[in-house]
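Note sheet for the following structure.
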Amino acid sequence: THYKVNHLMDVVEDASGRMTMDDVRARMAAADVAPPPGGLSSYGFTVAAYWFRFEVNNPAADAQDMMLVLRTPWLDSIHIYEDRPDGPHLLHHVGDTLPFAARAHLNPQYLVDLHLTPGRHTYYLRVTSTQAFMTPVELWQPEAFHDSDRLLTGYFGMFYGVLLVMVLYNGFIWVSTRDRNYLLYCLNLLGFFAMNFSYSGFAFQYLWPESPRWSNWSHTVWIFLYQVAAVVFAMGFLDSQSRMPMLHRILKGYLLAVVLTWLLIVVSGNVVLYNAVPVYFFFFMTPLLLTSGVAAWRSGYRAARFFVLASIASLAGSLITALTVSGFVPYSFASFHAAEFGVMADVVLLALALADRINFLRAQKEAAERAVIEQKLKASALLEVAKEELERTVAERTAELARARDEAEHLARIDVLSGVSNRRYFEEVAAREFTRVKRYGEPLAVIMFDIDLFKQINDVYGHAMGDLVIRLAAGLVKDAVRSVDFVARIGGEEFIVLLPEVNTAQAVVSAERLRERMAALEVGVKKLRFTASFGVTEITEADESFGTVLQRVDQAMYRSKKAGRNQVTAA
């Protein structure tokens with residue numbers, strides 16, 4: 001359904017930015033091409049233009065529609081040419097220097113439709129970017145891409161939802177307690193949200209689609225503001241001014257350096273420097289804040305231990321993302337989104353840190369209360385009431401934090417539509433079960449099934465009916481399998497079941513039972529019926545990873561499809 005194109009492309013650097021197509025052809029004919037580092041085009045910050053060439057072969061007798069996807073939302077200008085017998089033909093011109101509405105597909109990523117007639121086609125891309133030059137390029141079947149993009153949209157929706165919940169929660173605590181650290185934490189989260197929302201392309205899409213110039217310049221604004229918010233929060237939480245005066249002066253010096261550098265690069269007019277400097281500042285901020293947390297911890301400030309753990313998660317994630325966009329680390333989904341993963345851990349750990357800080361303040365208050373009791377016995381009743389009130393408040397807030405943490409962990413593992421486990425959690429469980437099977441030699445069967453003709457259900461009956469079919473299929477499987485079995489939705493209409501201590505023959509019986517029950521279902525007032533195609537296999541001694549097992553059961557399932565659907569095939 002999709003291909004990674006980067007490692008198949010020829011690349012020519014156009015340092016002057018004035019090369020013509022004839023110049024590029026001549027350079028490539030002379031083999032003057034550079035393969036992208038690590039198979040992906042990450043070139044850091046540069047004023048150069050880069051030309052990419054790749055070839056697509058359609059061996060079929062009919063034309064096919066494909067979609068070229070450039071994942072990086074901040075590329076300035078992308079020209080896509082097709083090399084035809086009568087000369088190069090400009091197919092598309094996209095980029096974030098154009099209004100958002102100029103795109104054929106209103107998506108933060110750049111999507112270009114390619115109509116591939118039978119035979120070979122040669123394409124050239126000319127790309128420029130004053131932001132970090134990173135261009136992962138993929139070729140997708142349109143339907144498969146939209147299915148994948150819905151999952152990506154769901155991921156961002158979940159992530160931004162968690163951030164919003166934590167901002168509101170800590171904002172309410174700040175309103176009720178007037179503890180400025182909760183306000184600073186909210187500003188820190190909002191700073192990260194603004195930065196992430198900007199460089200993920202959503203700010204351009206939803207907030208200022210007609211202002212490409214501001215969209216380009218605002219990336220640096222949000223990155224600097226996030227760094228300022230993170231340092232100010234660290235100073236307040238660690239109480240650096242009273243606990244670590246020297247380190248406090250260093251943190252203030254860093255803030256001053258950030259602000260002055262910001263002003264200098266704005267005045268300089270160097271666009272590449274303007275975009276590069278805030279990213280490089282992450283390389284200084286990460287060790288500085290981590291050192292501050294460790295110093296506070298060693299000084300006896302107990303709450304700093306959670307701050308250190310949270311800093312390791314969020315700052316390391318931000319550092320990995322900065323290294324990726326700077327070209328020092330090859331692009332991957334995990335490395336590019338490391339900052340988001342780190343912030344998710346940071347949200348939980350800093351919530352614990354703030355709660356622990358309350359406990360620490362409570363302990364200090366109780367010590368003061370005991371001293372007052374020794375001096376003024378007559379005030380003991382009032383102090384006891386205050387102590388009980390504080391303990392109840394702490395207990396309530398601790399319970400709220402635990403509920404927020406449990407909800408975040410639950411959302412990270414469950415597929416919202418079907419109610420079964422999602423693909424991310426499935427991969428964790430599958431890796432763990434594979435290791436267990438290999439160690440103890442116990443059987444483990446795998447059932448994969450795909451709802452037949454699901455696209456037709458959506459097209460004829462609507463997506464609401466399609467969603468209902470997904471939910472009914474998931475509910476049927478959950479009710480039919482054992483409590484020790486594991487059910488997950490790993491694609492649009494694709495599910496998988498892990499059956500511990502079950503061999504292939506037993507799993508085939510279970511799959512047949514599921515198939516019959518599913519075929520007997522009637523959906524909605526229209527009494528829609530649907531079927532599914534099943535693949536069954538089990539882990540063998542020859543399997544080196546679960547990926548091999550997954551490929552085998554997937555092939556078995558598609559043999560059921562080809563054999564007429566509504567069947568079970570074992571492999």
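Residue numbers start at 1 in each chain; chains themselves are named A, B, ... in the order of the structure tokens; ligands are numbered from 1 in the order shown.
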Which residues of range 133-238 of chain A sit at most 9 Å from range 39-59 of chain A, using only C-alpha atoms? Give each one's shortest atom pair and distance in Å (one decimal place), in chain and ascending residue order, as a Markdown table.
| residue | atom | partner | partner_atom | distance |
| --- | --- | --- | --- | --- |
| A:Phe133 | CA | A:Tyr43 | CA | 5.3 |
| A:Met134 | CA | A:Ser42 | CA | 4.3 |
| A:Thr135 | CA | A:Ser41 | CA | 5.3 |
| A:Pro136 | CA | A:Leu40 | CA | 6.0 |
| A:Val137 | CA | A:Leu40 | CA | 8.2 |
Those selected residues, please, written with N, CA, C and O atoms and delivered as a CSV table (one decimal), in the first residue's frame.
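Dumped everything to selection-v2.csv:
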chain,number,residue,atom,x,y,z
A,133,PHE,N,15.9,21.3,7.0
A,133,PHE,CA,15.7,20.7,5.7
A,133,PHE,C,15.6,19.2,5.9
A,133,PHE,O,16.6,18.5,6.1
A,134,MET,N,14.4,18.7,6.0
A,134,MET,CA,14.1,17.3,6.3
A,134,MET,C,12.9,16.9,5.4
A,134,MET,O,11.8,17.5,5.5
A,135,THR,N,13.1,15.9,4.5
A,135,THR,CA,12.1,15.6,3.5
A,135,THR,C,11.8,14.1,3.4
A,135,THR,O,12.2,13.5,2.4
A,136,PRO,N,11.3,13.5,4.4
A,136,PRO,CA,10.8,12.1,4.2
A,136,PRO,C,9.7,12.0,3.1
A,136,PRO,O,8.8,12.8,3.2
A,137,VAL,N,10.0,11.2,2.1
A,137,VAL,CA,9.0,11.1,0.9
A,137,VAL,C,8.5,9.7,0.8
A,137,VAL,O,9.2,8.7,1.0
Each range 135-209 of chain A residue no farther than 8 Å from range 87-101 of chain A, nearest pair in Å, only C-alpha atoms, as JSON lines:
{"residue": "A:Phe204", "atom": "CA", "partner": "A:Phe100", "partner_atom": "CA", "distance": 7.1}
{"residue": "A:Gln205", "atom": "CA", "partner": "A:Phe100", "partner_atom": "CA", "distance": 6.3}
{"residue": "A:Pro209", "atom": "CA", "partner": "A:Phe100", "partner_atom": "CA", "distance": 4.9}
Residues near range 473-484 of chain A, cut-off 9 Å, only C-alpha atoms, skip fewer than 6 positions along chain, as a ChimeraX atom specification: /A:418-420,451,495,497-500,510,513-514,517-518
d(CA of Phe454 in chain A, CA of Val416 in chain A) in Å: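 A separation of 18.7 Å between them.
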Just want the 12 Å neighbourhood of Ala29 in chain A, counted on only C-alpha atoms, with same-chain residues fewer than 6 positions away dropped. Output as a PDB file with all heavy atoms, in the first residue's frame.
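Contents of out_37.pdb, as written:
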ATOM      1  N   ASP A  10      17.916   9.723  -6.401  1.00  0.00           N
ATOM      2  CA  ASP A  10      19.183  10.408  -6.640  1.00  0.00           C
ATOM      3  C   ASP A  10      19.037  11.854  -6.164  1.00  0.00           C
ATOM      4  O   ASP A  10      17.984  12.460  -6.328  1.00  0.00           O
ATOM      5  CB  ASP A  10      19.537  10.384  -8.128  1.00  0.00           C
ATOM      6  CG  ASP A  10      19.766   8.967  -8.634  1.00  0.00           C
ATOM      7  OD1 ASP A  10      20.317   8.150  -7.875  1.00  0.00           O
ATOM      8  OD2 ASP A  10      19.373   8.696  -9.775  1.00  0.00           O
ATOM      9  N   VAL A  11      20.122  12.403  -5.602  1.00  0.00           N
ATOM     10  CA  VAL A  11      20.050  13.732  -5.000  1.00  0.00           C
ATOM     11  C   VAL A  11      21.186  14.596  -5.524  1.00  0.00           C
ATOM     12  O   VAL A  11      22.334  14.150  -5.595  1.00  0.00           O
ATOM     13  CB  VAL A  11      20.133  13.654  -3.459  1.00  0.00           C
ATOM     14  CG1 VAL A  11      19.974  15.048  -2.851  1.00  0.00           C
ATOM     15  CG2 VAL A  11      19.083  12.717  -2.919  1.00  0.00           C
ATOM     16  N   VAL A  12      20.852  15.840  -5.884  1.00  0.00           N
ATOM     17  CA  VAL A  12      21.861  16.823  -6.289  1.00  0.00           C
ATOM     18  C   VAL A  12      21.643  18.085  -5.468  1.00  0.00           C
ATOM     19  O   VAL A  12      20.521  18.588  -5.370  1.00  0.00           O
ATOM     20  CB  VAL A  12      21.754  17.143  -7.791  1.00  0.00           C
ATOM     21  CG1 VAL A  12      22.577  18.377  -8.142  1.00  0.00           C
ATOM     22  CG2 VAL A  12      22.227  15.958  -8.617  1.00  0.00           C
ATOM     23  N   ASP A  22      18.203  21.153 -17.094  1.00  0.00           N
ATOM     24  CA  ASP A  22      19.309  20.624 -17.898  1.00  0.00           C
ATOM     25  C   ASP A  22      20.560  20.459 -17.055  1.00  0.00           C
ATOM     26  O   ASP A  22      21.305  19.484 -17.206  1.00  0.00           O
ATOM     27  CB  ASP A  22      19.590  21.563 -19.077  1.00  0.00           C
ATOM     28  CG  ASP A  22      18.470  21.532 -20.105  1.00  0.00           C
ATOM     29  OD1 ASP A  22      17.750  20.505 -20.148  1.00  0.00           O
ATOM     30  OD2 ASP A  22      18.312  22.520 -20.849  1.00  0.00           O
ATOM     31  N   ASP A  23      20.825  21.427 -16.165  1.00  0.00           N
ATOM     32  CA  ASP A  23      21.987  21.303 -15.273  1.00  0.00           C
ATOM     33  C   ASP A  23      21.862  20.074 -14.392  1.00  0.00           C
ATOM     34  O   ASP A  23      22.822  19.335 -14.174  1.00  0.00           O
ATOM     35  CB  ASP A  23      22.118  22.549 -14.399  1.00  0.00           C
ATOM     36  CG  ASP A  23      22.361  23.808 -15.202  1.00  0.00           C
ATOM     37  OD1 ASP A  23      22.983  23.703 -16.288  1.00  0.00           O
ATOM     38  OD2 ASP A  23      21.931  24.896 -14.752  1.00  0.00           O
ATOM     39  N   ARG A  53      15.504  12.856  -7.738  1.00  0.00           N
ATOM     40  CA  ARG A  53      14.961  12.147  -8.904  1.00  0.00           C
ATOM     41  C   ARG A  53      14.623  10.715  -8.491  1.00  0.00           C
ATOM     42  O   ARG A  53      15.399  10.054  -7.798  1.00  0.00           O
ATOM     43  CB  ARG A  53      15.976  12.116 -10.046  1.00  0.00           C
ATOM     44  CG  ARG A  53      15.455  11.380 -11.299  1.00  0.00           C
ATOM     45  CD  ARG A  53      16.505  11.308 -12.378  1.00  0.00           C
ATOM     46  NE  ARG A  53      17.638  10.466 -11.997  1.00  0.00           N
ATOM     47  CZ  ARG A  53      18.733  10.302 -12.727  1.00  0.00           C
ATOM     48  NH1 ARG A  53      18.865  10.954 -13.886  1.00  0.00           N
ATOM     49  NH2 ARG A  53      19.717   9.524 -12.309  1.00  0.00           N
TER      50      ARG A  53
END
Spatial neighbours of range 432-448 of chain A, max dist 9 Å, only C-alpha atoms, sep filter under 2 positions, as a VMD selection string: chain A and resid 427 to 430 450 494 to 504 506 to 508 510 to 511 533 to 541 545 to 546 549 to 550 553 to 554 556 to 557
Output file for the residues above (C-alpha atoms, as a PDB file, in the first residue's frame):
ATOM      1  CA  GLU A 427       2.921  -4.365  19.402  1.00  0.00           C
ATOM      2  CA  GLU A 428       4.002  -4.216  23.045  1.00  0.00           C
ATOM      3  CA  VAL A 429       1.984  -7.310  23.999  1.00  0.00           C
ATOM      4  CA  ALA A 430       3.044  -9.216  20.876  1.00  0.00           C
ATOM      5  CA  ASP A 450     -10.415  -8.309   7.860  1.00  0.00           C
ATOM      6  CA  GLU A 494      -8.414  -5.278  10.459  1.00  0.00           C
ATOM      7  CA  PHE A 495      -8.286  -7.124  13.807  1.00  0.00           C
ATOM      8  CA  ILE A 496      -5.925  -9.602  15.411  1.00  0.00           C
ATOM      9  CA  VAL A 497      -6.323 -12.101  18.263  1.00  0.00           C
ATOM     10  CA  LEU A 498      -3.511 -13.723  20.299  1.00  0.00           C
ATOM     11  CA  LEU A 499      -4.430 -17.135  21.768  1.00  0.00           C
ATOM     12  CA  PRO A 500      -1.918 -18.347  24.401  1.00  0.00           C
ATOM     13  CA  GLU A 501      -1.501 -22.126  24.778  1.00  0.00           C
ATOM     14  CA  VAL A 502      -3.510 -22.779  21.591  1.00  0.00           C
ATOM     15  CA  ASN A 503      -2.163 -24.468  18.450  1.00  0.00           C
ATOM     16  CA  THR A 504      -3.129 -23.895  14.828  1.00  0.00           C
ATOM     17  CA  GLN A 506      -7.552 -25.317  17.746  1.00  0.00           C
ATOM     18  CA  ALA A 507      -7.293 -21.748  16.496  1.00  0.00           C
ATOM     19  CA  VAL A 508      -8.887 -22.738  13.161  1.00  0.00           C
ATOM     20  CA  SER A 510     -12.141 -20.793  17.001  1.00  0.00           C
ATOM     21  CA  ALA A 511     -11.802 -18.770  13.811  1.00  0.00           C
ATOM     22  CA  SER A 533     -11.815 -13.294   5.929  1.00  0.00           C
ATOM     23  CA  PHE A 534      -9.573 -15.016   8.445  1.00  0.00           C
ATOM     24  CA  GLY A 535      -5.938 -16.061   8.572  1.00  0.00           C
ATOM     25  CA  VAL A 536      -4.561 -18.408  11.248  1.00  0.00           C
ATOM     26  CA  THR A 537      -1.023 -19.390  12.212  1.00  0.00           C
ATOM     27  CA  GLU A 538       1.081 -20.041  15.298  1.00  0.00           C
ATOM     28  CA  ILE A 539       4.583 -19.174  16.411  1.00  0.00           C
ATOM     29  CA  THR A 540       7.201 -21.715  15.325  1.00  0.00           C
ATOM     30  CA  GLU A 541      10.795 -22.322  16.321  1.00  0.00           C
ATOM     31  CA  SER A 545      10.580 -12.123  15.373  1.00  0.00           C
ATOM     32  CA  PHE A 546       6.889 -11.529  15.656  1.00  0.00           C
ATOM     33  CA  VAL A 549       4.497 -14.379  12.284  1.00  0.00           C
ATOM     34  CA  LEU A 550       2.482 -11.259  11.416  1.00  0.00           C
ATOM     35  CA  VAL A 553      -0.886 -14.726   9.114  1.00  0.00           C
ATOM     36  CA  ASP A 554      -1.465 -11.654   6.920  1.00  0.00           C
ATOM     37  CA  ALA A 556      -3.046 -16.448   5.017  1.00  0.00           C
ATOM     38  CA  MET A 557      -5.812 -13.902   5.482  1.00  0.00           C
TER      39      MET A 557
END
Selection near Met166 in chain A, 9 Å with only C-alpha atoms, sequence-local residues under 2 positions removed, as a count of residues only: 13
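Of the listed residues A:Pro85, A:Trp74, A:Met28, A:Ala257, the one whose atoms come nearest to Arg213 in chain A is A:Trp74, with distances taken using only C-alpha atoms.
Pairwise distance (CA of Phe172 in chain A, CA of Ser242 in chain A) equals 27.1 Å.
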Residue nearest Phe530 in chain A among A:Ile457, A:Ala563, A:Ala276, A:Ala542 (counting only C-alpha atoms):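 The answer is A:Ile457, which sits nearest to Phe530 in chain A.
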